[in-house]
$ cat start_22.cif   # mmCIF, C-alpha atoms
data_input
#
loop_
_atom_site.label_atom_id
_atom_site.label_comp_id
_atom_site.auth_asym_id
_atom_site.auth_seq_id
_atom_site.Cartn_x
_atom_site.Cartn_y
_atom_site.Cartn_z
CA MET A 1 -15.37 39.04 9.61
CA ILE A 2 -12.05 37.27 9.65
CA THR A 3 -12.57 36.14 13.22
CA THR A 4 -15.82 34.42 12.15
CA LYS A 5 -13.93 32.54 9.41
CA LEU A 6 -11.26 31.61 11.90
CA GLN A 7 -13.90 30.47 14.35
CA ASN A 8 -15.55 28.28 11.71
CA LEU A 9 -12.24 26.69 10.83
CA GLY A 10 -11.50 26.07 14.48
CA ARG A 11 -14.92 24.54 15.11
CA ALA A 12 -14.59 22.23 12.09
CA THR A 13 -11.19 21.06 13.33
CA ILE A 14 -12.42 20.47 16.87
CA ASP A 15 -15.49 18.60 15.57
CA THR A 16 -13.33 16.36 13.40
CA ILE A 17 -10.94 15.54 16.20
CA ALA A 18 -13.82 15.02 18.63
CA GLY A 19 -15.30 12.56 16.09
CA PHE A 20 -12.02 10.61 16.07
CA GLY A 21 -12.05 10.64 19.85
CA ARG A 22 -15.66 9.39 20.09
CA SER A 23 -14.95 6.59 17.61
CA GLY A 24 -11.90 5.57 19.65
CA VAL A 25 -13.88 5.58 22.89
CA MET A 26 -16.64 3.54 21.22
CA LEU A 27 -14.21 0.88 20.00
CA PHE A 28 -12.37 0.82 23.32
CA GLY A 29 -15.61 0.33 25.22
CA ALA A 30 -16.69 -2.42 22.85
CA LEU A 31 -13.49 -4.44 22.73
CA VAL A 32 -11.60 -3.92 25.97
CA GLY A 33 -12.83 -5.89 28.94
CA LYS A 34 -13.37 -9.44 30.08
CA PRO A 35 -14.78 -11.43 27.15
CA ASP A 36 -17.88 -13.53 27.80
CA PHE A 37 -17.71 -16.32 25.22
CA ARG A 38 -20.92 -18.03 26.35
CA LYS A 39 -22.99 -14.93 25.60
CA GLY A 40 -20.85 -13.48 22.84
CA PHE A 41 -20.46 -16.51 20.61
CA PRO A 42 -24.10 -16.89 19.43
CA LEU A 43 -24.20 -13.14 18.68
CA LEU A 44 -20.98 -13.46 16.69
CA ILE A 45 -22.35 -16.39 14.66
CA LYS A 46 -25.48 -14.41 13.85
CA GLN A 47 -23.40 -11.46 12.66
CA LEU A 48 -21.02 -13.69 10.68
CA TYR A 49 -24.10 -14.89 8.83
CA VAL A 50 -25.46 -11.38 8.19
CA ILE A 51 -22.12 -9.78 7.32
CA GLY A 52 -20.13 -12.66 5.83
CA VAL A 53 -22.42 -15.27 4.31
CA LEU A 54 -24.90 -12.81 2.82
CA SER A 55 -22.01 -10.88 1.16
CA LEU A 56 -20.78 -14.08 -0.47
CA LEU A 57 -22.90 -13.88 -3.60
CA ILE A 58 -21.80 -10.38 -4.65
CA ILE A 59 -18.17 -11.33 -3.89
CA LEU A 60 -18.34 -14.53 -5.96
CA VAL A 61 -19.98 -12.85 -8.96
CA SER A 62 -17.69 -9.79 -8.98
CA GLY A 63 -14.60 -11.95 -8.43
CA LEU A 64 -15.49 -14.15 -11.37
CA PHE A 65 -16.13 -11.23 -13.70
CA ILE A 66 -13.07 -9.22 -12.63
CA GLY A 67 -10.87 -12.27 -13.22
CA MET A 68 -12.44 -12.78 -16.64
CA VAL A 69 -11.98 -9.13 -17.63
CA LEU A 70 -8.36 -9.14 -16.40
CA ALA A 71 -7.60 -12.18 -18.55
CA LEU A 72 -9.30 -10.65 -21.58
CA GLN A 73 -7.54 -7.28 -21.28
CA GLY A 74 -4.21 -8.76 -20.26
CA TYR A 75 -4.25 -11.12 -23.22
CA THR A 76 -4.70 -8.22 -25.67
CA VAL A 77 -1.48 -6.57 -24.51
CA LEU A 78 0.56 -9.71 -23.74
CA SER A 79 -0.16 -11.28 -27.16
CA LYS A 80 1.45 -8.24 -28.81
CA PHE A 81 4.73 -9.27 -27.16
CA GLY A 82 4.17 -12.96 -27.70
CA ALA A 83 4.09 -13.39 -23.92
CA GLU A 84 0.70 -15.13 -23.52
CA GLY A 85 2.40 -17.51 -21.07
CA MET A 86 2.59 -14.69 -18.55
CA LEU A 87 -1.20 -14.35 -18.40
CA GLY A 88 -1.36 -16.52 -15.27
CA PRO A 89 1.06 -14.38 -13.22
CA LEU A 90 -0.62 -11.20 -14.46
CA VAL A 91 -4.07 -12.31 -13.30
CA ALA A 92 -2.84 -13.90 -10.05
CA LEU A 93 -0.58 -11.04 -8.93
CA SER A 94 -3.08 -8.29 -9.75
CA LEU A 95 -5.78 -10.14 -7.82
CA LEU A 96 -3.66 -11.22 -4.86
CA ARG A 97 -1.89 -7.93 -4.30
CA GLU A 98 -4.46 -5.32 -5.25
CA LEU A 99 -7.85 -6.18 -6.61
CA GLY A 100 -8.72 -8.93 -4.14
CA PRO A 101 -8.32 -6.88 -0.95
CA VAL A 102 -9.37 -3.51 -2.41
CA VAL A 103 -12.44 -4.48 -4.43
CA THR A 104 -13.61 -6.74 -1.60
CA ALA A 105 -13.29 -3.80 0.81
CA LEU A 106 -15.22 -1.48 -1.52
CA LEU A 107 -17.98 -4.04 -2.10
CA PHE A 108 -18.02 -4.81 1.61
CA ALA A 109 -18.41 -1.11 2.46
CA GLY A 110 -21.34 -0.90 0.07
CA ARG A 111 -23.00 -4.19 0.95
CA ALA A 112 -22.38 -4.68 4.68
CA GLY A 113 -21.02 -1.33 5.92
CA SER A 114 -24.03 0.73 4.82
CA ALA A 115 -26.42 -1.86 6.29
CA LEU A 116 -24.59 -1.77 9.63
CA THR A 117 -24.71 2.04 9.78
CA ALA A 118 -28.41 2.12 8.98
CA GLU A 119 -29.18 -0.63 11.50
CA ILE A 120 -27.30 0.96 14.37
CA GLY A 121 -28.50 4.45 13.42
CA LEU A 122 -32.11 3.27 13.52
CA MET A 123 -31.49 1.55 16.86
CA LYS A 124 -30.28 4.88 18.16
CA ALA A 125 -33.19 6.83 16.62
CA THR A 126 -35.77 4.46 18.11
CA GLU A 127 -33.93 4.63 21.46
CA GLN A 128 -33.23 0.91 21.58
CA LEU A 129 -29.67 1.66 22.65
CA SER A 130 -30.89 3.85 25.55
CA GLY A 131 -33.37 1.10 26.43
CA MET A 132 -30.53 -1.42 26.68
CA GLU A 133 -28.62 0.90 28.99
CA MET A 134 -31.75 1.20 31.15
CA MET A 135 -31.77 -2.61 31.45
CA ALA A 136 -28.08 -2.57 32.44
CA VAL A 137 -27.05 -4.17 29.14
CA ASP A 138 -24.00 -2.46 27.67
CA PRO A 139 -24.95 -1.70 24.04
CA LEU A 140 -21.27 -1.40 23.10
CA ARG A 141 -20.60 -4.97 24.21
CA ARG A 142 -23.86 -6.40 22.91
CA ILE A 143 -24.30 -4.51 19.60
CA ILE A 144 -20.93 -3.09 18.52
CA ALA A 145 -18.46 -5.82 19.57
CA PRO A 146 -20.00 -8.84 17.74
CA ARG A 147 -20.46 -6.79 14.55
CA PHE A 148 -16.85 -5.58 14.72
CA TRP A 149 -15.39 -9.06 15.16
CA ALA A 150 -17.68 -10.55 12.53
CA GLY A 151 -16.49 -7.94 10.01
CA VAL A 152 -12.82 -8.38 10.87
CA ILE A 153 -13.11 -12.17 10.58
CA SER A 154 -15.22 -12.35 7.46
CA MET A 155 -13.54 -9.78 5.23
CA PRO A 156 -10.14 -11.50 4.80
CA LEU A 157 -12.06 -14.71 4.13
CA LEU A 158 -14.20 -12.95 1.52
CA ALA A 159 -11.05 -11.50 -0.08
CA LEU A 160 -9.53 -14.99 -0.31
CA VAL A 161 -12.68 -16.33 -1.94
CA PHE A 162 -12.74 -13.35 -4.30
CA THR A 163 -9.13 -13.94 -5.37
CA ALA A 164 -9.54 -17.68 -5.86
CA VAL A 165 -12.69 -17.24 -7.93
CA GLY A 166 -11.02 -14.47 -9.94
CA ILE A 167 -8.08 -16.72 -10.83
CA LEU A 168 -10.51 -19.44 -11.90
CA GLY A 169 -12.38 -16.84 -13.98
CA GLY A 170 -9.10 -15.85 -15.63
CA HIS A 171 -8.47 -19.52 -16.37
CA LEU A 172 -11.94 -19.80 -17.89
CA ILE A 173 -11.30 -16.93 -20.34
CA GLY A 174 -7.54 -17.32 -20.87
CA VAL A 175 -7.39 -21.08 -21.31
CA ASP A 176 -10.83 -22.20 -22.41
CA TRP A 177 -11.64 -19.29 -24.68
CA LEU A 178 -8.42 -17.59 -25.82
CA GLY A 179 -6.36 -20.77 -26.01
CA VAL A 180 -3.49 -20.13 -23.60
CA ASP A 181 -1.96 -23.44 -22.54
CA SER A 182 -3.44 -24.61 -19.24
CA GLY A 183 -0.10 -25.99 -17.99
CA SER A 184 1.77 -22.76 -18.66
CA TYR A 185 -1.05 -20.73 -17.05
CA TRP A 186 -0.58 -22.58 -13.76
CA SER A 187 3.17 -23.19 -13.86
CA ALA A 188 4.11 -19.60 -14.75
CA MET A 189 1.81 -18.53 -11.91
CA GLN A 190 3.53 -20.87 -9.46
CA ALA A 191 6.95 -19.65 -10.57
CA ASN A 192 6.06 -16.00 -9.97
CA VAL A 193 3.75 -16.01 -6.95
CA ASP A 194 5.29 -16.24 -3.51
CA LEU A 195 3.29 -17.50 -0.53
CA TYR A 196 4.58 -14.91 1.95
CA GLN A 197 5.30 -11.98 -0.34
CA ASP A 198 2.01 -12.11 -2.22
CA VAL A 199 -0.64 -14.28 -0.52
CA VAL A 200 0.09 -13.41 3.10
CA ASN A 201 0.61 -9.71 2.34
CA GLY A 202 -2.74 -9.66 0.55
CA VAL A 203 -4.42 -11.17 3.60
CA ILE A 204 -2.74 -8.61 5.89
CA LYS A 205 -3.96 -5.84 3.60
CA SER A 206 -7.51 -7.06 3.74
CA MET A 207 -7.37 -7.35 7.55
CA VAL A 208 -6.36 -3.68 7.75
CA PHE A 209 -9.15 -2.75 5.34
CA ALA A 210 -11.61 -4.80 7.39
CA VAL A 211 -10.79 -2.84 10.55
CA ILE A 212 -11.08 0.46 8.66
CA VAL A 213 -14.40 -0.29 6.95
CA ILE A 214 -16.13 -1.85 9.93
CA TRP A 215 -14.88 0.79 12.35
CA ILE A 216 -16.11 3.63 10.14
CA ALA A 217 -19.46 1.92 9.57
CA LEU A 218 -20.05 1.30 13.27
CA HIS A 219 -18.91 4.77 14.30
CA LYS A 220 -21.07 6.54 11.71
CA GLY A 221 -24.11 4.55 12.85
CA TYR A 222 -23.43 5.02 16.55
CA ASP A 223 -22.74 8.72 16.06
CA ALA A 224 -25.63 9.42 13.65
CA VAL A 225 -28.08 12.24 14.24
CA PRO A 226 -31.17 10.26 15.36
CA THR A 227 -33.52 11.43 12.62
CA SER A 228 -34.41 9.85 9.28
CA GLU A 229 -32.31 12.47 7.50
CA GLY A 230 -29.38 11.92 9.87
CA ILE A 231 -29.43 8.16 9.25
CA SER A 232 -29.51 8.58 5.49
CA ARG A 233 -26.57 10.99 5.66
CA ALA A 234 -24.63 8.66 7.97
CA THR A 235 -25.17 5.76 5.53
CA THR A 236 -23.87 7.82 2.62
CA GLN A 237 -20.90 9.00 4.67
CA THR A 238 -20.03 5.43 5.59
CA VAL A 239 -19.71 4.35 1.96
CA VAL A 240 -17.85 7.49 0.86
CA THR A 241 -15.47 7.76 3.83
CA ALA A 242 -14.75 4.03 4.00
CA SER A 243 -14.04 3.79 0.26
CA LEU A 244 -11.72 6.79 0.24
CA THR A 245 -9.89 5.68 3.38
CA VAL A 246 -9.41 2.18 1.96
CA LEU A 247 -7.95 3.58 -1.27
CA GLY A 248 -5.63 5.90 0.66
CA PHE A 249 -4.44 3.16 2.98
CA ASP A 250 -4.01 0.84 0.01
CA PHE A 251 -1.40 3.19 -1.41
CA ILE A 252 0.45 3.38 1.90
CA LEU A 253 0.37 -0.39 2.44
CA THR A 254 1.45 -1.08 -1.15
CA ALA A 255 4.36 1.34 -0.79
CA LEU A 256 5.39 -0.37 2.46
CA MET A 257 4.97 -3.96 1.23
CA PHE A 258 5.96 -3.92 -2.43
CA GLY A 259 7.67 -0.58 -3.03
CA GLY A 260 11.39 -0.40 -2.60
CA MET B 261 -34.41 -18.69 10.06
CA THR B 262 -33.40 -21.13 12.79
CA THR B 263 -30.12 -20.88 14.65
CA ARG B 264 -29.11 -24.30 13.34
CA LYS B 265 -29.44 -23.26 9.71
CA ILE B 266 -27.47 -20.05 10.33
CA GLU B 267 -24.69 -22.01 12.01
CA ILE B 268 -24.52 -24.47 9.12
CA LEU B 269 -24.26 -21.63 6.59
CA VAL B 270 -21.54 -19.87 8.60
CA GLY B 271 -19.64 -23.17 8.81
CA ALA B 272 -19.94 -23.59 5.03
CA PHE B 273 -18.63 -20.05 4.55
CA ILE B 274 -15.57 -20.74 6.70
CA VAL B 275 -14.90 -24.01 4.85
CA LEU B 276 -15.17 -22.23 1.49
CA ALA B 277 -12.71 -19.56 2.63
CA ILE B 278 -10.23 -22.18 3.88
CA ALA B 279 -10.53 -24.01 0.56
CA ALA B 280 -9.80 -20.74 -1.24
CA PHE B 281 -6.72 -20.16 0.92
CA LEU B 282 -5.45 -23.70 0.32
CA MET B 283 -5.95 -23.25 -3.42
CA LEU B 284 -4.01 -19.97 -3.33
CA ALA B 285 -1.25 -21.42 -1.18
CA LEU B 286 -0.79 -24.74 -2.99
CA LYS B 287 -1.96 -24.28 -6.55
CA VAL B 288 -1.18 -20.61 -7.14
CA ALA B 289 1.79 -19.85 -4.91
CA ASN B 290 3.32 -23.34 -4.86
CA ALA B 291 4.73 -23.34 -1.35
CA GLY B 292 7.56 -25.60 -2.42
CA VAL B 293 10.99 -25.03 -4.02
CA THR B 294 13.19 -24.36 -0.98
CA GLY B 295 10.34 -22.46 0.63
CA SER B 296 9.85 -25.58 2.70
CA GLY B 297 12.57 -28.07 3.47
CA GLN B 298 16.21 -27.62 4.31
CA SER B 299 18.61 -25.64 2.18
CA TYR B 300 22.31 -24.89 2.25
CA VAL B 301 24.26 -21.83 1.16
CA LEU B 302 26.92 -21.32 -1.54
CA TYR B 303 28.61 -18.10 -2.62
CA ALA B 304 29.78 -16.94 -6.03
CA LYS B 305 31.65 -13.79 -7.12
CA PHE B 306 30.88 -12.15 -10.43
CA ASP B 307 32.27 -9.16 -12.31
CA ASN B 308 28.81 -8.03 -13.33
CA ILE B 309 25.47 -9.46 -12.30
CA GLY B 310 23.41 -7.63 -14.95
CA GLY B 311 19.73 -7.89 -14.04
CA LEU B 312 19.99 -10.71 -11.50
CA LYS B 313 17.69 -10.15 -8.53
CA VAL B 314 17.11 -11.58 -5.08
CA ARG B 315 14.82 -14.65 -5.43
CA SER B 316 15.96 -15.29 -9.01
CA PRO B 317 15.98 -19.06 -9.67
CA ILE B 318 19.10 -21.23 -9.74
CA LYS B 319 18.82 -23.93 -12.38
CA VAL B 320 20.73 -27.07 -13.30
CA GLY B 321 19.79 -28.15 -16.80
CA GLY B 322 16.61 -26.10 -16.55
CA VAL B 323 15.49 -27.59 -13.23
CA VAL B 324 15.07 -25.10 -10.38
CA ILE B 325 17.17 -26.24 -7.40
CA GLY B 326 17.28 -23.04 -5.37
CA ARG B 327 17.02 -19.28 -5.28
CA VAL B 328 19.30 -16.28 -4.90
CA ALA B 329 19.17 -15.33 -1.21
CA SER B 330 21.00 -12.00 -1.33
CA ILE B 331 23.33 -9.92 -3.49
CA ASP B 332 26.08 -7.86 -1.85
CA LEU B 333 29.16 -5.97 -2.89
CA ASP B 334 32.55 -7.23 -1.67
CA THR B 335 33.99 -4.22 0.16
CA VAL B 336 37.63 -5.13 -0.66
CA TYR B 337 37.50 -5.76 -4.42
CA TYR B 338 34.12 -4.11 -5.14
CA THR B 339 32.80 -7.13 -6.99
CA PRO B 340 29.26 -8.46 -6.52
CA VAL B 341 28.89 -11.51 -4.27
CA VAL B 342 25.78 -13.64 -4.77
CA LYS B 343 24.52 -15.82 -1.91
CA MET B 344 22.69 -18.87 -3.21
CA GLU B 345 20.26 -21.02 -1.23
CA ILE B 346 20.15 -24.51 -2.69
CA ASN B 347 17.87 -27.36 -1.70
CA GLU B 348 19.54 -29.85 0.66
CA LYS B 349 18.51 -32.63 -1.74
CA TYR B 350 21.16 -31.44 -4.21
CA SER B 351 24.19 -31.14 -1.93
CA ASN B 352 26.86 -33.00 -3.93
CA PHE B 353 28.27 -30.41 -6.29
CA PRO B 354 32.06 -30.71 -6.75
CA GLU B 355 34.22 -27.61 -6.45
CA THR B 356 34.90 -27.75 -10.20
CA SER B 357 31.30 -26.72 -10.86
CA SER B 358 30.74 -23.46 -12.69
CA VAL B 359 27.94 -20.94 -12.44
CA ALA B 360 26.82 -18.47 -15.10
CA ILE B 361 24.22 -15.72 -15.28
CA LEU B 362 21.88 -16.60 -18.12
CA THR B 363 18.73 -15.07 -19.59
CA SER B 364 15.58 -17.05 -20.27
CA GLY B 365 14.60 -16.02 -23.78
CA LEU B 366 15.67 -12.78 -25.41
CA LEU B 367 13.81 -10.48 -23.03
CA GLY B 368 13.15 -12.84 -20.14
CA GLU B 369 14.34 -12.58 -16.59
CA GLN B 370 17.88 -13.58 -15.62
CA TYR B 371 18.72 -16.70 -13.65
CA LEU B 372 21.79 -18.56 -12.42
CA GLY B 373 22.77 -21.60 -14.46
CA LEU B 374 24.80 -24.07 -12.41
CA GLN B 375 26.95 -26.55 -14.35
CA PRO B 376 28.15 -29.52 -12.27
CA GLY B 377 31.87 -30.23 -12.73
CA PHE B 378 33.97 -33.42 -12.87
CA ILE B 379 35.03 -35.45 -9.86
CA ASP B 380 38.39 -37.16 -9.18
CA GLU B 381 40.48 -37.83 -6.06
CA THR B 382 41.74 -34.26 -5.63
CA VAL B 383 38.36 -32.58 -6.13
CA GLU B 384 36.33 -31.83 -3.03
CA ILE B 385 32.58 -31.53 -2.68
CA LEU B 386 31.19 -28.06 -1.99
CA ALA B 387 29.90 -27.75 1.56
CA ASN B 388 27.64 -25.19 3.23
CA GLY B 389 29.21 -21.71 3.00
CA ASP B 390 31.77 -22.53 0.26
CA SER B 391 32.34 -20.40 -2.83
CA ILE B 392 32.15 -21.45 -6.46
CA GLN B 393 35.31 -20.15 -8.17
CA ASP B 394 34.42 -20.61 -11.84
CA THR B 395 31.84 -17.94 -12.67
CA ARG B 396 30.73 -16.26 -15.85
CA SER B 397 29.11 -12.83 -15.64
CA ALA B 398 25.93 -11.63 -17.24
CA ILE B 399 26.01 -10.61 -20.88
CA VAL B 400 25.11 -6.94 -21.01
CA LEU B 401 23.45 -6.25 -24.32
CA GLU B 402 24.64 -2.65 -24.51
CA GLU B 403 28.30 -3.74 -24.17
CA LEU B 404 27.84 -6.30 -26.95
CA ILE B 405 26.38 -3.66 -29.24
CA GLY B 406 29.21 -1.30 -28.30
CA GLN B 407 31.82 -3.95 -29.17
CA PHE B 408 30.06 -4.73 -32.43
CA LEU B 409 30.03 -1.09 -33.50
CA PHE B 410 33.68 -0.67 -32.42
CA ASN B 411 34.76 -3.71 -34.46
CA ARG B 412 32.93 -2.50 -37.53
CA GLY B 413 34.89 0.75 -37.35
CA ASN B 414 38.15 -1.15 -37.93
#

$ encode --input "start_22.cif" --output "structure tokens"
Amino acid sequence: MITTKLQNLGRATIDTIAGFGRSGVMLFGALVGKPDFRKGFPLLIKQLYVIGVLSLLIILVSGLFIGMVLALQGYTVLSKFGAEGMLGPLVALSLLRELGPVVTALLFAGRAGSALTAEIGLMKATEQLSGMEMMAVDPLRRIIAPRFWAGVISMPLLALVFTAVGILGGHLIGVDWLGVDSGSYWSAMQANVDLYQDVVNGVIKSMVFAVIVIWIALHKGYDAVPTSEGISRATTQTVVTASLTVLGFDFILTALMFGG
Amino acid sequence: MTTRKIEILVGAFIVLAIAAFLMLALKVANAGVTGSGQSYVLYAKFDNIGGLKVRSPIKVGGVVIGRVASIDLDTVYYTPVVKMEINEKYSNFPETSSVAILTSGLLGEQYLGLQPGFIDETVEILANGDSIQDTRSAIVLEELIGQFLFNRGN
């Protein structure tokens, strides 16, 4: 009885660790080796389009609305203290430090991560990956590597766009609707936002999140059980695992960068 | 969709992202005020720095000329020593200048107010690494209230 329980626990642990190992081997096989720019570059451009450009709309719209909501909510509290002039720093710092990288990563996991998992899972189920190996084409180099680099390149860029649009959205609500002075919105922001402390740290954060999200998405797809049910479960797992990991890492990175 | 169209859209995406970064760097973060350009260092000793922090602004007549680089404790007298980084453009303060810890507004953050002093033949100009002798510490509100209550008792 108790040995069965113990065995189950042991098997779950071994499976988890083996999963980490397989994901590491997958990424190693995809990224380490002599790069072939002539073949790799067109594939990368294609994936930048699929992963980056097609995610742009959802990023722009959510950035705009999150900036607008931040300004609206922030104004309610700040006006109680007569500190409407601090609306600019409030919107800019929340977006640069937290909401830009994190919400972009969550949207990215939902929009691009799930699509990647489903695509690669279906390739595996229809034995396209085995077919490539038969033709002496390394599927890790041809399928995984361009998608990985496209995700790592495009997500910090998407986070920057998100933040910039959010700050403009905050300006739209704060200045044009609620009547905060436009000059004080920008100047208080400039006085309180630091290029290295806030902007660069935000970009570093979103690079870390990009690696996490894209790695999980690719691994779940590559490791999926090759049935329709397995692919659907892998897609769900991608969104859930990537979102939770991003939120966990966000706390650690915030504590390292801004705590203390 | 043709390769050409995809490449154009990817190019537009990269340009948009660079524009966003430039906006954040220049319009939002204002990569100026001693961030770029040369600066020199002055020191000042205080009895009490109150709520002064690293990166607090240093102002002359309300104009930001530098920032607090670090705050340490003198290990001999146990008084706070503030290291100030001031833009090279403003490098002609005489040694009679005074520096005070002031508060912007009633609840605002604290900053260093630098008051340029007079110049005559015996007064030297502060150079990199010099100390400002004439300092006034932060006003701690709790001490003021304590004094007020104590005086009322008499």

$ resolve_selection --input "start_22.cif" --expression "the PyMOL selection byres ((chain B and resi 393) around 10)" --output "PyMOL selection string"
chain B and resi 303-306+355-359+390-392+394-396

$ resolve_selection --input "start_22.cif" --expression "the PyMOL selection byres ((chain A) within 10 of (chain B))" --output "number ranges by chain"
A: 42, 45-50, 52-54, 56, 83, 88-89, 92-93, 96, 153-154, 156-165, 167, 185-200, 203

$ closest_residue --input "start_22.cif" --among "A:Ile212, A:Met155, A:Ala145, A:Ile231" --to "Asp36 of chain A" --atoms "all atoms listed in the file"
A:Ala145

$ residues_around --input "start_22.cif" --residues "segment 337-340 of chain B" --least-positions-apart "3" --cutoff "9 Å" --atoms "all atoms listed in the file" --output "list in words"
Ala304, Lys305, Phe306, Asp307, Asn308, Ile309, Ile331, Asp332, Leu333 and Asp334 of chain B

$ atom_distance --input "start_22.cif" --atom1 "atom CA of Lys343 of chain B" --atom2 "atom CA of Lys313 of chain B"
11.1 Å

$ residues_around --input "start_22.cif" --residues "Leu106 of chain A" --least-positions-apart "2" --cutoff "9 Å" --atoms "all atoms listed in the file" --output "list in words"
Pro101, Val102, Val103, Thr104, Phe108, Ala109, Gly110, Arg111, Val213, Val239, Ala242, Ser243, Val246 and Leu247 of chain A

$ atom_distance --input "start_22.cif" --atom1 "atom CA of Leu244 of chain A" --atom2 "atom CA of Ser23 of chain A"
17.7 Å

$ atom_distance --input "start_22.cif" --atom1 "atom CA of Thr235 of chain A" --atom2 "atom CA of Lys220 of chain A"
7.5 Å

$ resolve_selection --input "start_22.cif" --expression "the PyMOL selection byres ((chain A and resi 222) around 8)" --output "PyMOL selection string"
chain A and resi 117+120-121+124+218-221+223-224
